[in-house]
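Visitor: Dropping in work.cif, with mmCIF, C-alpha atoms and all ligand atoms.
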data_structure
loop_
_atom_site.group_PDB
_atom_site.id
_atom_site.type_symbol
_atom_site.label_atom_id
_atom_site.label_comp_id
_atom_site.auth_asym_id
_atom_site.auth_seq_id
_atom_site.Cartn_x
_atom_site.Cartn_y
_atom_site.Cartn_z
ATOM 1 C CA MET M 1 -2.262 -8.373 -18.903
ATOM 2 C CA ARG M 2 -2.097 -8.764 -15.115
ATOM 3 C CA HIS M 3 -4.410 -7.472 -12.427
ATOM 4 C CA LEU M 4 -4.095 -7.637 -8.644
ATOM 5 C CA MET M 5 -7.255 -8.958 -7.011
ATOM 6 C CA SER M 6 -5.782 -11.046 -4.197
ATOM 7 C CA PRO M 7 -2.277 -11.533 -2.785
ATOM 8 C CA LEU M 8 -2.432 -15.053 -4.210
ATOM 9 C CA ASP M 9 -2.247 -13.595 -7.721
ATOM 10 C CA PHE M 10 1.511 -13.506 -7.132
ATOM 11 C CA SER M 11 3.535 -16.636 -6.402
ATOM 12 C CA VAL M 12 5.891 -16.517 -3.415
ATOM 13 C CA GLU M 13 8.818 -16.075 -5.853
ATOM 14 C CA GLU M 14 7.059 -13.190 -7.605
ATOM 15 C CA LEU M 15 6.287 -11.626 -4.232
ATOM 16 C CA ASP M 16 9.938 -11.881 -3.215
ATOM 17 C CA LYS M 17 10.915 -10.142 -6.455
ATOM 18 C CA LEU M 18 8.346 -7.407 -5.881
ATOM 19 C CA LEU M 19 9.556 -6.825 -2.316
ATOM 20 C CA ASP M 20 13.177 -6.749 -3.544
ATOM 21 C CA LEU M 21 12.182 -4.144 -6.098
ATOM 22 C CA ALA M 22 10.440 -2.083 -3.390
ATOM 23 C CA GLN M 23 13.611 -2.233 -1.318
ATOM 24 C CA ASP M 24 15.709 -1.086 -4.252
ATOM 25 C CA ILE M 25 13.267 1.789 -4.800
ATOM 26 C CA GLU M 26 13.671 2.783 -1.150
ATOM 27 C CA ALA M 27 17.469 2.743 -1.479
ATOM 28 C CA LYS M 28 17.716 4.482 -4.888
ATOM 29 C CA PRO M 29 14.534 6.470 -5.572
ATOM 30 C CA GLU M 30 16.204 8.666 -8.225
ATOM 31 C CA LYS M 31 16.754 5.604 -10.429
ATOM 32 C CA TYR M 32 12.977 5.241 -10.774
ATOM 33 C CA ALA M 33 11.995 8.912 -10.952
ATOM 34 C CA HIS M 34 11.053 8.789 -14.656
ATOM 35 C CA ALA M 35 10.219 5.105 -15.083
ATOM 36 C CA CYS M 36 6.505 5.842 -15.689
ATOM 37 C CA ALA M 37 6.871 9.083 -17.663
ATOM 38 C CA GLY M 38 3.830 9.460 -19.923
ATOM 39 C CA LYS M 39 1.796 6.839 -17.989
ATOM 40 C CA LYS M 40 -1.449 7.597 -16.183
ATOM 41 C CA LEU M 41 -2.953 6.050 -13.065
ATOM 42 C CA ALA M 42 -6.684 6.393 -12.372
ATOM 43 C CA THR M 43 -7.936 5.973 -8.799
ATOM 44 C CA LEU M 44 -11.610 4.950 -8.669
ATOM 45 C CA PHE M 45 -12.660 5.135 -5.034
ATOM 46 C CA TYR M 46 -16.276 4.376 -4.146
ATOM 47 C CA GLU M 47 -15.415 4.266 -0.418
ATOM 48 C CA PRO M 48 -13.479 6.621 1.903
ATOM 49 C CA SER M 49 -9.701 6.381 1.957
ATOM 50 C CA THR M 50 -6.672 8.427 2.928
ATOM 51 C CA ARG M 51 -3.618 6.185 2.662
ATOM 52 C CA THR M 52 -4.614 3.733 -0.013
ATOM 53 C CA ARG M 53 -5.687 6.332 -2.559
ATOM 54 C CA LEU M 54 -2.974 8.859 -1.842
ATOM 55 C CA SER M 55 -0.207 6.251 -1.642
ATOM 56 C CA HIS M 56 -1.150 4.916 -5.080
ATOM 57 C CA GLU M 57 -1.093 8.492 -6.348
ATOM 58 C CA ALA M 58 2.197 9.296 -4.611
ATOM 59 C CA ALA M 59 3.649 6.098 -6.052
ATOM 60 C CA MET M 60 2.726 7.061 -9.624
ATOM 61 C CA LEU M 61 3.942 10.638 -9.140
ATOM 62 C CA ASN M 62 7.249 9.365 -7.711
ATOM 63 C CA LEU M 63 7.647 7.307 -10.885
ATOM 64 C CA GLY M 64 7.186 10.396 -13.064
ATOM 65 C CA GLY M 65 3.650 9.476 -14.171
ATOM 66 C CA SER M 66 0.352 11.341 -13.844
ATOM 67 C CA ILE M 67 -2.825 10.701 -11.898
ATOM 68 C CA MET M 68 -6.586 11.223 -12.239
ATOM 69 C CA GLY M 69 -9.637 9.864 -10.512
ATOM 70 C CA PHE M 70 -12.525 10.278 -8.126
ATOM 71 C CA SER M 71 -12.587 9.844 -4.375
ATOM 72 C CA SER M 72 -16.257 9.118 -3.734
ATOM 73 C CA ALA M 73 -19.111 7.410 -5.533
ATOM 74 C CA ASP M 74 -21.131 10.640 -5.222
ATOM 75 C CA SER M 75 -18.763 12.554 -7.456
ATOM 76 C CA SER M 76 -18.766 9.920 -10.207
ATOM 77 C CA SER M 77 -21.488 8.689 -12.558
ATOM 78 C CA ALA M 78 -22.126 5.853 -10.101
ATOM 79 C CA ALA M 79 -24.463 8.386 -8.485
ATOM 80 C CA LYS M 80 -26.451 8.379 -11.754
ATOM 81 C CA GLY M 81 -26.607 4.590 -11.766
ATOM 82 C CA GLU M 82 -23.657 3.696 -14.004
ATOM 83 C CA SER M 83 -22.368 0.138 -13.615
ATOM 84 C CA VAL M 84 -18.797 -0.725 -12.652
ATOM 85 C CA SER M 85 -18.322 -2.468 -16.002
ATOM 86 C CA ASP M 86 -19.338 0.623 -18.002
ATOM 87 C CA THR M 87 -17.151 2.841 -15.820
ATOM 88 C CA ILE M 88 -14.092 0.659 -16.335
ATOM 89 C CA ARG M 89 -14.609 0.512 -20.106
ATOM 90 C CA THR M 90 -14.525 4.303 -20.006
ATOM 91 C CA ILE M 91 -11.490 4.567 -17.738
ATOM 92 C CA SER M 92 -9.644 2.142 -20.021
ATOM 93 C CA CYS M 93 -9.795 4.889 -22.688
ATOM 94 C CA TYR M 94 -8.152 7.438 -20.376
ATOM 95 C CA ALA M 95 -5.555 5.696 -18.210
ATOM 96 C CA ASP M 96 -2.874 2.981 -18.367
ATOM 97 C CA ILE M 97 -3.616 1.403 -14.973
ATOM 98 C CA CYS M 98 -6.215 1.864 -12.254
ATOM 99 C CA ALA M 99 -6.810 1.199 -8.558
ATOM 100 C CA MET M 100 -10.397 0.580 -7.441
ATOM 101 C CA ARG M 101 -11.933 0.543 -3.963
ATOM 102 C CA HIS M 102 -15.557 -0.499 -3.633
ATOM 103 C CA PRO M 103 -17.913 -1.378 -0.758
ATOM 104 C CA LYS M 104 -19.139 -4.473 -2.634
ATOM 105 C CA GLU M 105 -17.085 -7.649 -2.449
ATOM 106 C CA GLY M 106 -16.021 -8.648 -5.957
ATOM 107 C CA ALA M 107 -16.568 -5.261 -7.667
ATOM 108 C CA PRO M 108 -12.891 -4.943 -8.726
ATOM 109 C CA MET M 109 -13.129 -8.491 -10.090
ATOM 110 C CA VAL M 110 -16.082 -7.435 -12.264
ATOM 111 C CA ALA M 111 -14.032 -4.433 -13.355
ATOM 112 C CA CYS M 112 -11.016 -6.482 -14.424
ATOM 113 C CA GLN M 113 -13.241 -8.674 -16.590
ATOM 114 C CA HIS M 114 -14.237 -5.622 -18.630
ATOM 115 C CA SER M 115 -10.985 -3.727 -18.516
ATOM 116 C CA SER M 116 -8.268 -3.308 -21.080
ATOM 117 C CA ILE M 117 -5.863 -1.911 -18.456
ATOM 118 C CA PRO M 118 -4.494 -3.531 -15.262
ATOM 119 C CA VAL M 119 -6.868 -3.188 -12.294
ATOM 120 C CA ILE M 120 -5.618 -3.108 -8.701
ATOM 121 C CA ASN M 121 -8.080 -4.102 -5.977
ATOM 122 C CA ALA M 122 -7.684 -1.320 -3.415
ATOM 123 C CA GLY M 123 -10.153 -2.966 -1.019
ATOM 124 C CA ASP M 124 -13.506 -4.623 -1.744
ATOM 125 C CA GLY M 125 -15.965 -4.632 1.144
ATOM 126 C CA GLY M 126 -14.983 -7.032 3.924
ATOM 127 C CA HIS M 127 -13.199 -9.292 1.436
ATOM 128 C CA GLN M 128 -9.609 -8.479 0.399
ATOM 129 C CA HIS M 129 -7.057 -5.678 0.462
ATOM 130 C CA PRO M 130 -4.022 -7.021 -1.393
ATOM 131 C CA THR M 131 -1.961 -3.810 -1.615
ATOM 132 C CA GLN M 132 -2.186 -3.424 2.166
ATOM 133 C CA THR M 133 -0.872 -6.974 2.391
ATOM 134 C CA LEU M 134 2.082 -6.120 0.144
ATOM 135 C CA THR M 135 2.747 -3.188 2.475
ATOM 136 C CA ASP M 136 2.501 -5.442 5.538
ATOM 137 C CA LEU M 137 4.827 -8.068 4.055
ATOM 138 C CA LEU M 138 7.445 -5.467 3.147
ATOM 139 C CA THR M 139 7.189 -3.958 6.629
ATOM 140 C CA ILE M 140 7.525 -7.303 8.403
ATOM 141 C CA ARG M 141 10.409 -8.377 6.158
ATOM 142 C CA ASN M 142 12.267 -5.126 6.736
ATOM 143 C CA LEU M 143 11.711 -5.094 10.502
ATOM 144 C CA LYS M 144 12.346 -8.770 11.227
ATOM 145 C CA GLY M 145 14.562 -9.711 8.278
ATOM 146 C CA ARG M 146 12.308 -12.622 7.348
ATOM 147 C CA LEU M 147 8.761 -13.730 6.623
ATOM 148 C CA GLU M 148 9.215 -17.296 7.865
ATOM 149 C CA ASN M 149 9.091 -18.743 11.400
ATOM 150 C CA MET M 150 6.968 -16.129 13.004
ATOM 151 C CA THR M 151 4.104 -15.885 15.479
ATOM 152 C CA ILE M 152 1.698 -13.222 14.336
ATOM 153 C CA GLY M 153 -1.039 -11.860 16.584
ATOM 154 C CA LEU M 154 -4.039 -10.461 14.732
ATOM 155 C CA CYS M 155 -6.171 -8.352 17.032
ATOM 156 C CA GLY M 156 -9.546 -6.640 16.754
ATOM 157 C CA ASP M 157 -12.170 -6.996 14.058
ATOM 158 C CA LEU M 158 -11.147 -10.258 12.435
ATOM 159 C CA LYS M 159 -14.636 -10.760 11.029
ATOM 160 C CA PHE M 160 -14.935 -7.734 8.780
ATOM 161 C CA GLY M 161 -11.280 -6.675 8.540
ATOM 162 C CA ARG M 162 -10.243 -7.223 4.945
ATOM 163 C CA THR M 163 -6.593 -6.423 5.694
ATOM 164 C CA VAL M 164 -6.492 -9.401 8.057
ATOM 165 C CA HIS M 165 -8.137 -11.711 5.520
ATOM 166 C CA SER M 166 -5.620 -10.830 2.821
ATOM 167 C CA LEU M 167 -2.644 -11.001 5.167
ATOM 168 C CA ILE M 168 -3.565 -14.496 6.361
ATOM 169 C CA ASN M 169 -3.947 -15.678 2.768
ATOM 170 C CA ALA M 170 -0.486 -14.402 1.927
ATOM 171 C CA LEU M 171 1.381 -15.529 5.053
ATOM 172 C CA VAL M 172 0.224 -19.157 5.114
ATOM 173 C CA ARG M 173 2.523 -19.780 2.162
ATOM 174 C CA TYR M 174 5.653 -19.189 4.281
ATOM 175 C CA GLU M 175 7.313 -21.824 6.502
ATOM 176 C CA GLY M 176 6.735 -21.854 10.245
ATOM 177 C CA ILE M 177 3.916 -19.298 10.477
ATOM 178 C CA ARG M 178 1.644 -19.422 13.536
ATOM 179 C CA PHE M 179 -1.278 -17.156 14.309
ATOM 180 C CA VAL M 180 -2.821 -15.970 17.538
ATOM 181 C CA LEU M 181 -6.301 -14.687 16.677
ATOM 182 C CA ILE M 182 -7.315 -12.125 19.285
ATOM 183 C CA SER M 183 -10.924 -10.973 19.084
ATOM 184 C CA PRO M 184 -14.205 -10.858 20.938
ATOM 185 C CA GLU M 185 -16.496 -13.794 20.174
ATOM 186 C CA GLU M 186 -18.684 -11.681 17.840
ATOM 187 C CA LEU M 187 -15.735 -10.580 15.709
ATOM 188 C CA ARG M 188 -13.988 -13.931 15.238
ATOM 189 C CA LEU M 189 -12.268 -14.753 11.981
ATOM 190 C CA PRO M 190 -14.920 -16.084 9.548
ATOM 191 C CA GLU M 191 -15.237 -19.841 9.476
ATOM 192 C CA TYR M 192 -14.445 -20.043 5.760
ATOM 193 C CA ILE M 193 -10.990 -18.597 6.391
ATOM 194 C CA ARG M 194 -10.343 -20.767 9.448
ATOM 195 C CA HIS M 195 -11.277 -23.907 7.551
ATOM 196 C CA ASP M 196 -10.347 -23.207 3.939
ATOM 197 C CA VAL M 197 -7.132 -21.317 4.606
ATOM 198 C CA LEU M 198 -5.767 -22.186 8.067
ATOM 199 C CA ASP M 199 -6.917 -25.788 8.521
ATOM 200 C CA ARG M 200 -6.386 -26.734 4.903
ATOM 201 C CA ASN M 201 -2.777 -25.536 5.061
ATOM 202 C CA SER M 202 -2.261 -27.105 8.533
ATOM 203 C CA ILE M 203 -1.356 -23.729 10.018
ATOM 204 C CA PRO M 204 -1.189 -23.741 13.824
ATOM 205 C CA TYR M 205 -3.410 -21.094 15.408
ATOM 206 C CA GLU M 206 -5.170 -20.328 18.636
ATOM 207 C CA GLU M 207 -8.083 -18.038 19.349
ATOM 208 C CA VAL M 208 -7.992 -15.887 22.468
ATOM 209 C CA VAL M 209 -10.104 -13.049 23.785
ATOM 210 C CA ARG M 210 -7.583 -11.301 26.059
ATOM 211 C CA LEU M 211 -4.795 -9.360 24.379
ATOM 212 C CA GLU M 212 -2.688 -9.626 27.554
ATOM 213 C CA ASP M 213 -2.590 -13.429 27.238
ATOM 214 C CA ALA M 214 -1.199 -13.270 23.724
ATOM 215 C CA MET M 215 1.366 -10.471 23.997
ATOM 216 C CA PRO M 216 4.365 -12.365 25.482
ATOM 217 C CA LYS M 217 4.553 -14.898 22.637
ATOM 218 C CA LEU M 218 4.273 -12.611 19.611
ATOM 219 C CA ASP M 219 6.813 -11.513 16.993
ATOM 220 C CA ILE M 220 4.303 -9.165 15.367
ATOM 221 C CA LEU M 221 1.104 -7.678 16.774
ATOM 222 C CA TYR M 222 -1.244 -6.559 13.984
ATOM 223 C CA MET M 223 -3.908 -4.279 15.459
ATOM 224 C CA THR M 224 -7.098 -3.415 13.558
ATOM 225 C CA ARG M 225 -9.986 -0.998 13.852
ATOM 226 C CA VAL M 226 -13.518 -2.232 14.481
ATOM 227 C CA GLN M 227 -15.070 -1.792 11.024
ATOM 228 C CA LYS M 228 -17.958 0.496 11.883
ATOM 229 C CA GLU M 229 -19.253 0.723 8.313
ATOM 230 C CA ARG M 230 -19.823 -3.038 8.070
ATOM 231 C CA PHE M 231 -22.021 -3.361 11.187
ATOM 232 C CA PHE M 232 -25.733 -3.838 10.793
ATOM 233 C CA ASN M 233 -26.567 -1.821 13.865
ATOM 234 C CA GLU M 234 -24.915 1.020 15.743
ATOM 235 C CA GLU M 235 -25.488 -0.601 19.160
ATOM 236 C CA ASP M 236 -23.259 -3.584 18.372
ATOM 237 C CA TYR M 237 -20.550 -1.266 17.095
ATOM 238 C CA VAL M 238 -20.645 0.883 20.234
ATOM 239 C CA ARG M 239 -20.368 -2.242 22.385
ATOM 240 C CA MET M 240 -17.354 -3.523 20.453
ATOM 241 C CA LYS M 241 -15.424 -0.419 19.519
ATOM 242 C CA ASP M 242 -13.257 -0.063 22.623
ATOM 243 C CA PHE M 243 -12.868 -3.763 23.328
ATOM 244 C CA TYR M 244 -9.096 -3.502 22.823
ATOM 245 C CA ILE M 245 -6.935 -0.556 23.731
ATOM 246 C CA LEU M 246 -3.213 -1.118 23.427
ATOM 247 C CA ASP M 247 -1.433 1.141 25.892
ATOM 248 C CA ARG M 248 1.993 1.532 27.495
ATOM 249 C CA GLU M 249 1.051 -0.823 30.312
ATOM 250 C CA LYS M 250 0.171 -3.670 27.928
ATOM 251 C CA MET M 251 3.307 -3.035 25.862
ATOM 252 C CA LYS M 252 5.311 -4.026 28.960
ATOM 253 C CA LEU M 253 4.070 -7.598 28.401
ATOM 254 C CA ALA M 254 5.501 -7.741 24.887
ATOM 255 C CA PRO M 255 8.971 -8.957 23.888
ATOM 256 C CA GLU M 256 11.618 -6.301 23.133
ATOM 257 C CA ASP M 257 11.581 -7.228 19.453
ATOM 258 C CA MET M 258 7.822 -7.476 18.925
ATOM 259 C CA TYR M 259 6.633 -4.854 16.457
ATOM 260 C CA VAL M 260 3.168 -3.322 16.383
ATOM 261 C CA LEU M 261 1.590 -2.882 12.949
ATOM 262 C CA HIS M 262 -1.769 -1.334 12.058
ATOM 263 C CA PRO M 263 -3.140 -0.681 8.558
ATOM 264 C CA LEU M 264 -4.600 2.595 9.916
ATOM 265 C CA PRO M 265 -6.798 4.552 10.394
ATOM 266 C CA ARG M 266 -6.637 3.982 14.142
ATOM 267 C CA VAL M 267 -9.505 5.060 16.331
ATOM 268 C CA ASN M 268 -9.001 4.109 20.009
ATOM 269 C CA GLU M 269 -7.374 0.706 19.678
ATOM 270 C CA ILE M 270 -3.826 2.031 20.069
ATOM 271 C CA SER M 271 -3.341 4.748 22.625
ATOM 272 C CA VAL M 272 -1.200 7.630 21.302
ATOM 273 C CA GLU M 273 1.199 7.039 24.203
ATOM 274 C CA VAL M 274 2.405 3.923 22.356
ATOM 275 C CA ASP M 275 3.535 5.984 19.347
ATOM 276 C CA ASP M 276 6.911 6.784 20.932
ATOM 277 C CA ASP M 277 7.692 3.148 21.666
ATOM 278 C CA PRO M 278 10.422 1.987 19.237
ATOM 279 C CA ARG M 279 8.310 -1.095 18.592
ATOM 280 C CA ALA M 280 5.419 1.003 17.190
ATOM 281 C CA ALA M 281 5.892 0.545 13.439
ATOM 282 C CA TYR M 282 2.584 1.746 11.970
ATOM 283 C CA PHE M 283 3.866 5.009 10.557
ATOM 284 C CA ARG M 284 6.922 3.296 9.052
ATOM 285 C CA GLN M 285 4.405 0.910 7.515
ATOM 286 C CA VAL M 286 2.725 3.881 5.769
ATOM 287 C CA GLN M 287 6.032 4.794 4.116
ATOM 288 C CA TYR M 288 6.618 1.215 2.959
ATOM 289 C CA GLY M 289 3.173 1.371 1.363
ATOM 290 C CA VAL M 290 4.461 3.906 -1.148
ATOM 291 C CA TYR M 291 7.571 1.898 -2.123
ATOM 292 C CA VAL M 292 5.629 -1.309 -2.541
ATOM 293 C CA ARG M 293 2.957 0.356 -4.688
ATOM 294 C CA MET M 294 5.697 1.841 -6.865
ATOM 295 C CA ALA M 295 7.040 -1.683 -7.315
ATOM 296 C CA LEU M 296 3.528 -2.951 -8.046
ATOM 297 C CA ILE M 297 2.817 -0.317 -10.707
ATOM 298 C CA LEU M 298 6.134 -1.097 -12.439
ATOM 299 C CA THR M 299 5.372 -4.812 -12.310
ATOM 300 C CA LEU M 300 1.785 -4.609 -13.616
ATOM 301 C CA LEU M 301 2.783 -2.197 -16.384
ATOM 302 C CA ASP M 302 5.661 -4.547 -17.172
ATOM 303 C CA ILE M 303 8.182 -1.739 -17.179
ATOM 304 C CA PRO M 304 11.673 -3.218 -17.190
ATOM 305 C CA VAL M 305 13.969 -2.136 -14.369
ATOM 306 C CA ASP M 306 17.554 -3.101 -13.886
ATOM 307 C CA GLN M 307 18.111 -3.589 -10.182
ATOM 308 C CA GLN M 308 21.862 -4.152 -10.608
ATOM 309 C CA SER M 309 22.824 -0.636 -11.664
HETATM 310 C C1 LIG J 1 -7.889 -0.364 5.914
HETATM 311 C C2 LIG J 1 -9.048 -0.628 4.970
HETATM 312 O O1 LIG J 1 -9.500 0.272 4.254
HETATM 313 O O2 LIG J 1 -9.448 -1.786 4.930
HETATM 314 N N1 LIG J 1 -7.312 0.886 5.704
HETATM 315 C C3 LIG J 1 -6.301 0.973 4.792
HETATM 316 O O3 LIG J 1 -6.511 0.830 3.622
HETATM 317 N N2 LIG J 1 -5.061 1.188 5.239
HETATM 318 C C4 LIG J 1 -8.213 -0.594 7.337
HETATM 319 C C5 LIG J 1 -9.404 0.082 7.926
HETATM 320 O O4 LIG J 1 -10.096 0.861 7.287
HETATM 321 O O5 LIG J 1 -9.636 -0.170 9.103
#
Represent the structure from my file as structure tokens, please.

Guide:
Amino acid sequence: MRHLMSPLDFSVEELDKLLDLAQDIEAKPEKYAHACAGKKLATLFYEPSTRTRLSHEAAMLNLGGSIMGFSSADSSSAAKGESVSDTIRTISCYADICAMRHPKEGAPMVACQHSSIPVINAGDGGHQHPTQTLTDLLTIRNLKGRLENMTIGLCGDLKFGRTVHSLINALVRYEGIRFVLISPEELRLPEYIRHDVLDRNSIPYEEVVRLEDAMPKLDILYMTRVQKERFFNEEDYVRMKDFYILDREKMKLAPEDMYVLHPLPRVNEISVEVDDDPRAAYFRQVQYGVYVRMALILTLLDIPVDQQS
């Protein structure tokens, strides 16, 4: 049985296959409309979510399956003190596959050790968010036609942003990847990722504070929200929250074929005036998130699909 805890759980070849499947799903959705008939997905969300929970649910519904779950810790027995391992043993009796989001790093890993169904990590604290990474990879591949030879700017809260951590882990396995890490000093990428992931894989990167300095050299600009819920005090958050605001003026510095991605939700870091720019790809990214999660559910449930027909 397979789980998805980190993007590294799939080899590059397996990822390519998964992204191909997602593309086939996009092209021929009717072919997959009953592929999960009789299967149930449980979404166990101990932290707020709009896209990640509902896109997993939409994915299962699009495949002809059913869904169940809870969307906050308060409405589950966690509020009574139940452990993650007891909860997952229970859910294993009800569903065929589950997606779990938890504020504690490693909680989905604990779950998969006690689960008899595949567990998808839908975000664990400031650690990883592998299904967002699958979404990001599919989006980049579709927009640019490749995942290799690319300069990626990661901007905002690189310290707590789990989407950034997972994306870096996944992208360093492709040829010719360079990063420009754009953040205030306090929100720099954690040292363990700089050393263990970037340096160890000899990935070229630079760290800059000003977004304007980075814009002209990017193929992709990945904006992120300052992760309010992970700050120890409100004052620091207030000081940091509007550090970057991408607006029409700054977009003039970017190449014609540089796309802007954002895992969303956005707060102030991308001005709404950018939404009409053809390079703003964050809502297309949301749609890709459904196709890629459909592909993921089929893969983890090991449901055979013939992509030739
Ligand atoms: C992200 C998350 O939850 O980490 N959202 C998402 O799943 N698309 C990003 C964020 O909350 O800032």

Visitor: Show me, as number ranges by chain, the residues that have an atom within 10 Å of M:Ser77 when counting all atoms listed in the file, minus same-chain residues fewer than 6 positions from it.

Guide: M: 83-84, 86-87

Visitor: How big is the axis-aligned box, and where does its centre sit, when it encloses all atoms of ligand LIG 1 (chain J) listed in the file and has 3 Å added on every side, reported in Å to one decimal as lines of an AutoDock Vina configuration file?

Guide:
center_x = -7.6
center_y = -0.3
center_z = 6.4
size_x = 11.0
size_y = 9.0
size_z = 11.5

Visitor: Step by step, measure atom-to-atom distances between ligand LIG 1 (chain J) and each residue using all atoms listed in the file, keep those at most 7 Å, then write them as a ChimeraX atom specification.

Guide: /M:49,51-52,123,129,132,161-163,224-227,263-265

Visitor: Residue by residue, what does the PyMOL selection byres (((chain M and resi 20) around 12) and not hetatm) grab here? Present the result as number ranges by chain.

Guide: M: 13-19, 21-27, 134, 137-138, 141-142, 291-292, 294-296, 299, 305-308

Visitor: Restrict the selected residues to C-alpha atoms and save them as a CSV table (one decimal), keeping the file's coordinate frame.

Guide:
chain,number,residue,atom,x,y,z
M,13,GLU,CA,8.8,-16.1,-5.9
M,14,GLU,CA,7.1,-13.2,-7.6
M,15,LEU,CA,6.3,-11.6,-4.2
M,16,ASP,CA,9.9,-11.9,-3.2
M,17,LYS,CA,10.9,-10.1,-6.5
M,18,LEU,CA,8.3,-7.4,-5.9
M,19,LEU,CA,9.6,-6.8,-2.3
M,21,LEU,CA,12.2,-4.1,-6.1
M,22,ALA,CA,10.4,-2.1,-3.4
M,23,GLN,CA,13.6,-2.2,-1.3
M,24,ASP,CA,15.7,-1.1,-4.3
M,25,ILE,CA,13.3,1.8,-4.8
M,26,GLU,CA,13.7,2.8,-1.2
M,27,ALA,CA,17.5,2.7,-1.5
M,134,LEU,CA,2.1,-6.1,0.1
M,137,LEU,CA,4.8,-8.1,4.1
M,138,LEU,CA,7.4,-5.5,3.1
M,141,ARG,CA,10.4,-8.4,6.2
M,142,ASN,CA,12.3,-5.1,6.7
M,291,TYR,CA,7.6,1.9,-2.1
M,292,VAL,CA,5.6,-1.3,-2.5
M,294,MET,CA,5.7,1.8,-6.9
M,295,ALA,CA,7.0,-1.7,-7.3
M,296,LEU,CA,3.5,-3.0,-8.0
M,299,THR,CA,5.4,-4.8,-12.3
M,305,VAL,CA,14.0,-2.1,-14.4
M,306,ASP,CA,17.6,-3.1,-13.9
M,307,GLN,CA,18.1,-3.6,-10.2
M,308,GLN,CA,21.9,-4.2,-10.6

Visitor: Convert the output of the PyMOL selection byres (((chain M and resi 7-11) around 9) and not hetatm) on the shown file into explicit residues, formatted as a VMD selection string.

Guide: chain M and resid 2 to 6 12 to 16 128 to 131 133 to 134 166 to 167 169 to 170

Visitor: For the structure provided, state which residues fall under the PyMOL selection byres (((chain M and resi 99) around 12) and not hetatm), and present them as a short mmCIF file (atom, residue, chain, number, x, y, z; two decimals) with C-alpha atoms, in the coordinates of the input.

Guide:
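Result file is out18.cif:
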data_model
loop_
_atom_site.label_atom_id
_atom_site.label_comp_id
_atom_site.auth_asym_id
_atom_site.auth_seq_id
_atom_site.Cartn_x
_atom_site.Cartn_y
_atom_site.Cartn_z
CA HIS M 3 -4.41 -7.47 -12.43
CA LEU M 4 -4.10 -7.64 -8.64
CA MET M 5 -7.26 -8.96 -7.01
CA LYS M 40 -1.45 7.60 -16.18
CA LEU M 41 -2.95 6.05 -13.06
CA ALA M 42 -6.68 6.39 -12.37
CA THR M 43 -7.94 5.97 -8.80
CA LEU M 44 -11.61 4.95 -8.67
CA PHE M 45 -12.66 5.14 -5.03
CA TYR M 46 -16.28 4.38 -4.15
CA THR M 52 -4.61 3.73 -0.01
CA ARG M 53 -5.69 6.33 -2.56
CA LEU M 54 -2.97 8.86 -1.84
CA SER M 55 -0.21 6.25 -1.64
CA HIS M 56 -1.15 4.92 -5.08
CA GLU M 57 -1.09 8.49 -6.35
CA ALA M 59 3.65 6.10 -6.05
CA MET M 60 2.73 7.06 -9.62
CA ILE M 67 -2.82 10.70 -11.90
CA MET M 68 -6.59 11.22 -12.24
CA GLY M 69 -9.64 9.86 -10.51
CA PHE M 70 -12.52 10.28 -8.13
CA SER M 71 -12.59 9.84 -4.38
CA ILE M 88 -14.09 0.66 -16.34
CA ILE M 91 -11.49 4.57 -17.74
CA SER M 92 -9.64 2.14 -20.02
CA ALA M 95 -5.56 5.70 -18.21
CA ASP M 96 -2.87 2.98 -18.37
CA ILE M 97 -3.62 1.40 -14.97
CA CYS M 98 -6.22 1.86 -12.25
CA MET M 100 -10.40 0.58 -7.44
CA ARG M 101 -11.93 0.54 -3.96
CA HIS M 102 -15.56 -0.50 -3.63
CA ALA M 107 -16.57 -5.26 -7.67
CA PRO M 108 -12.89 -4.94 -8.73
CA MET M 109 -13.13 -8.49 -10.09
CA ALA M 111 -14.03 -4.43 -13.36
CA CYS M 112 -11.02 -6.48 -14.42
CA SER M 115 -10.98 -3.73 -18.52
CA ILE M 117 -5.86 -1.91 -18.46
CA PRO M 118 -4.49 -3.53 -15.26
CA VAL M 119 -6.87 -3.19 -12.29
CA ILE M 120 -5.62 -3.11 -8.70
CA ASN M 121 -8.08 -4.10 -5.98
CA ALA M 122 -7.68 -1.32 -3.42
CA GLY M 123 -10.15 -2.97 -1.02
CA ASP M 124 -13.51 -4.62 -1.74
CA HIS M 129 -7.06 -5.68 0.46
CA PRO M 130 -4.02 -7.02 -1.39
CA THR M 131 -1.96 -3.81 -1.62
CA ARG M 293 2.96 0.36 -4.69
CA LEU M 296 3.53 -2.95 -8.05
CA ILE M 297 2.82 -0.32 -10.71
CA LEU M 300 1.78 -4.61 -13.62
#

Visitor: Would you work out the distance separating atom CA of M:Val197 from atom CA of M:Tyr282, expressed in Å to one decimal?

Guide: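 Calculated distance between atom CA of M:Val197 and atom CA of M:Tyr282 is 26.1 Å.
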
Visitor: Just to confirm, what's the straight-line distance from atom CA of M:Leu221 to atom CA of M:Pro48 in Å (one decimal)?

Guide: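 Interatomic distance here is 25.3 Å.
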
Visitor: Residues near M:Cys36, anyone? I mean within 8 Å using all atoms listed in the file, not counting same-chain ones fewer than 6 positions away, as a ChimeraX atom specification.

Guide: /M:60,63-65,298,303
